[in-house]
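In what follows, a single structure is set out as structure tokens and then discussed.
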Amino acid sequence: MWGPLVSSHLNRYGSVAGMRPQNSSPITELVLVGFSDHPQTEIPLFLFFSLVYLVNCLGNTAVITLVVLDASLQTPMYFFLCHLAFLDGFFSTVVTPKMLFNFLASRKVISYPFCLAQTYLTLFLESTECFLLAVMAIDRYVAICYPLRYLLIISWAVCTALAVAVWVIGFCASVIPLYITILPLCGPYIVDYLFCELPILLHMFCADTSLLEATMAIGGAGTVLFPFLLIVFSYLRILVAVIRIDSVEGRKKAFSTCASHLAVVAIYYGTGLIRYLRPKSLYSAEGDKLISVFYAVIGPVMNPFIYSLRNKEVQSAMRRVIERFKTRITF
């Protein structure tokens with residue numbers, strides 16, 4: 001994620017090219033430092049993040065279940081929300097279980113194949129989420145600016161095509177370029193982070209990373225900047241449309257349909273901007289880990305609550321599903 005900004009991140013770790021000697025021995029595992037410098041915090045952190053991960057799984061599964069079971073939620077907006085819930089749960093599952101295991105393990109290691117899998121999957125899911133958030137913004141734009149033609153424009157065929165496109169483009173823009181340009185690692189194989197992610201591994205590559213960084217910059221412009229511009233454009237058009245609404249109630253209703261999505265966008269892009277654009281004087285490895293925890297573990301658990309706590313449709317659907325379930329148990 002955030003390919004164009006990786007070079008500034010690298011400067012904090014020092015030079016990349018030629019920084020380590022070549023190491024021809026096969027890699028079997030890497031040390032995953034995590035919070036091992038603060039051993040007294042590991043048990044409390046294990047308990048806390050176990051609870052967060054459980055709530056994450058239950059919350060995102062509940063969103064998908066509600067949309068599937070309740071007909072009133074089977075609309076384009078909630079269709080895309082299901083994809084976001086699945087993506088959030090998947091991302092957290094890629095990262096959190098291994099992090100929890102290492103909190104309790106005496107040897108804080110990760111196998112090399114699993115480290116590569118984490119690197120590919122986190123990059124893929126982050127890229128996909130950028131495109132998904134852009135599609136959700138376009139959905140809100142059409143719903144507010146063209147309400148009478150909304151279901152004709154965003155039909156189920158269009159929804160399906162957009163969903164497939166989001167996942168395929170996310171894969172092609174992240175996994176394939178990384179597979180082509182990835183380089184071997186050099187020892188010492190120590191990852192001072194909570195999980196394996198490309199910006200962190202870049203400083204461990206043996207050879208010149210110029211091609212990889214250029215590929216990431218180009219890919220980042222397409223996977224981060226382009227979706228962000230689509231989101232901004234969509235909300236500018238929405239703002240113009242809302243201003244033209246005469247009634248105050250109409251404006252409130254229009255804004256309320258966008259508030260949840262805007263909150264998710266702000267959290268997602270905000271954490272990335274804080275991570276990569278903060279001044280060097282504020283940089284620390286521990287700070288980077290805390291930020292990564294927020295967008296990999298805390299952020300995904302917040303999204304179901306953002307979309308449901310103030311959403312009367314979701315609350316009503318939840319009550320109907322629970323009542324239906326109680327009725328079936330009674331009989």
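By convention in this document, the chains of the structure tokens carry letters A, B, ... by their order, each chain's residues are numbered from 1, and ligands are numbered from 1 in the order they are shown.
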
**OP:** Enumerate as an NGL selection string all residues of region 99-200 of chain A assigned to helix (DSSP H, G or I) by DSSP on the backbone, naming them with the chain letters and numbers the document uses.
**Re:** :A and (99-104 or 112-145 or 147-153 or 156-172 or 175-181 or 198-200)

**OP:** Write out as a list in words which residues come within 9 Å of Leu66 (chain A) when counting only C-alpha atoms, dropping same-chain ones fewer than 4 positions away.
**Re:** Thr61, Ala62, Asp70, Ala71, Leu73, Val314, Ala317, Met318 and Val321 of chain A

Subject >> Surrounding residues of region 79-91 of chain A excluding itself and chain neighbours under 4 positions, 8 Å, only C-alpha atoms, as a list in words >> reply: Asn56, Cys57, Asn60, Thr61, Val63, Ile64, Val67, Gln74, Thr75, Val95, Leu121, Thr122, Leu125, Glu129, Leu132, Met136, Cys159, Ala163, Ala296, Pro300, Val301, Asn303 and Pro304 of chain A

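Distance annotation: of A:Glu42, A:Glu29, A:Glu323, A:Asp139, the residue with the minimal separation from Ile238 (chain A) is A:Asp139; atom set is only C-alpha atoms.
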
**OP:** Using only C-alpha atoms, determine which residues lie at most 12 Å from Val142 (chain A), disregarding the query and same-chain residues fewer than 5 positions distant; provide the list as a count of residues only.
**Re:** 22

**OP:** Have a look at A:Ser174, A:Ser316, A:Thr160, A:Ser72 and name the one nearest to Tyr120 (chain A); count only C-alpha atoms.
**Re:** A:Ser174

Subject >> Those in region 8-191 of chain A with strand (DSSP E) from DSSP, as an MDAnalysis selection string >> reply: chainID A and resid 29:32 109:111 190:191

Save the residues we just selected, N, CA, C and O atoms, as an mmCIF file, in the first residue's frame?
data_model
loop_
_atom_site.group_PDB
_atom_site.id
_atom_site.type_symbol
_atom_site.label_atom_id
_atom_site.label_comp_id
_atom_site.auth_asym_id
_atom_site.auth_seq_id
_atom_site.Cartn_x
_atom_site.Cartn_y
_atom_site.Cartn_z
ATOM 1 N N GLU A 29 13.319 -19.355 8.361
ATOM 2 C CA GLU A 29 12.464 -18.555 9.224
ATOM 3 C C GLU A 29 13.107 -17.198 9.496
ATOM 4 O O GLU A 29 14.304 -17.003 9.284
ATOM 5 N N LEU A 30 12.278 -16.278 9.962
ATOM 6 C CA LEU A 30 12.739 -14.944 10.332
ATOM 7 C C LEU A 30 12.287 -14.647 11.755
ATOM 8 O O LEU A 30 11.250 -15.150 12.203
ATOM 9 N N VAL A 31 13.056 -13.831 12.427
ATOM 10 C CA VAL A 31 12.667 -13.378 13.760
ATOM 11 C C VAL A 31 11.666 -12.242 13.603
ATOM 12 O O VAL A 31 11.902 -11.291 12.863
ATOM 13 N N LEU A 32 10.540 -12.370 14.280
ATOM 14 C CA LEU A 32 9.495 -11.345 14.239
ATOM 15 C C LEU A 32 9.485 -10.667 15.608
ATOM 16 O O LEU A 32 8.950 -11.196 16.574
ATOM 17 N N VAL A 109 9.297 -16.230 16.012
ATOM 18 C CA VAL A 109 9.724 -16.443 14.630
ATOM 19 C C VAL A 109 8.518 -16.618 13.721
ATOM 20 O O VAL A 109 7.399 -16.874 14.177
ATOM 21 N N ILE A 110 8.780 -16.461 12.428
ATOM 22 C CA ILE A 110 7.781 -16.725 11.400
ATOM 23 C C ILE A 110 8.483 -17.456 10.265
ATOM 24 O O ILE A 110 9.624 -17.107 9.909
ATOM 25 N N SER A 111 7.864 -18.486 9.729
ATOM 26 C CA SER A 111 8.495 -19.222 8.635
ATOM 27 C C SER A 111 8.584 -18.330 7.402
ATOM 28 O O SER A 111 7.737 -17.453 7.192
ATOM 29 N N ILE A 190 15.855 -10.466 10.654
ATOM 30 C CA ILE A 190 15.132 -9.924 11.798
ATOM 31 C C ILE A 190 14.137 -8.871 11.292
ATOM 32 O O ILE A 190 14.535 -7.887 10.664
ATOM 33 N N VAL A 191 12.859 -9.099 11.560
ATOM 34 C CA VAL A 191 11.798 -8.174 11.158
ATOM 35 C C VAL A 191 11.300 -7.461 12.409
ATOM 36 O O VAL A 191 10.619 -8.054 13.240
#

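Among the candidates A:Phe226, A:Tyr179, A:Tyr141, A:Phe294, the residue lying nearest to Ile274 (chain A) is A:Phe294 (atoms considered: only C-alpha atoms).
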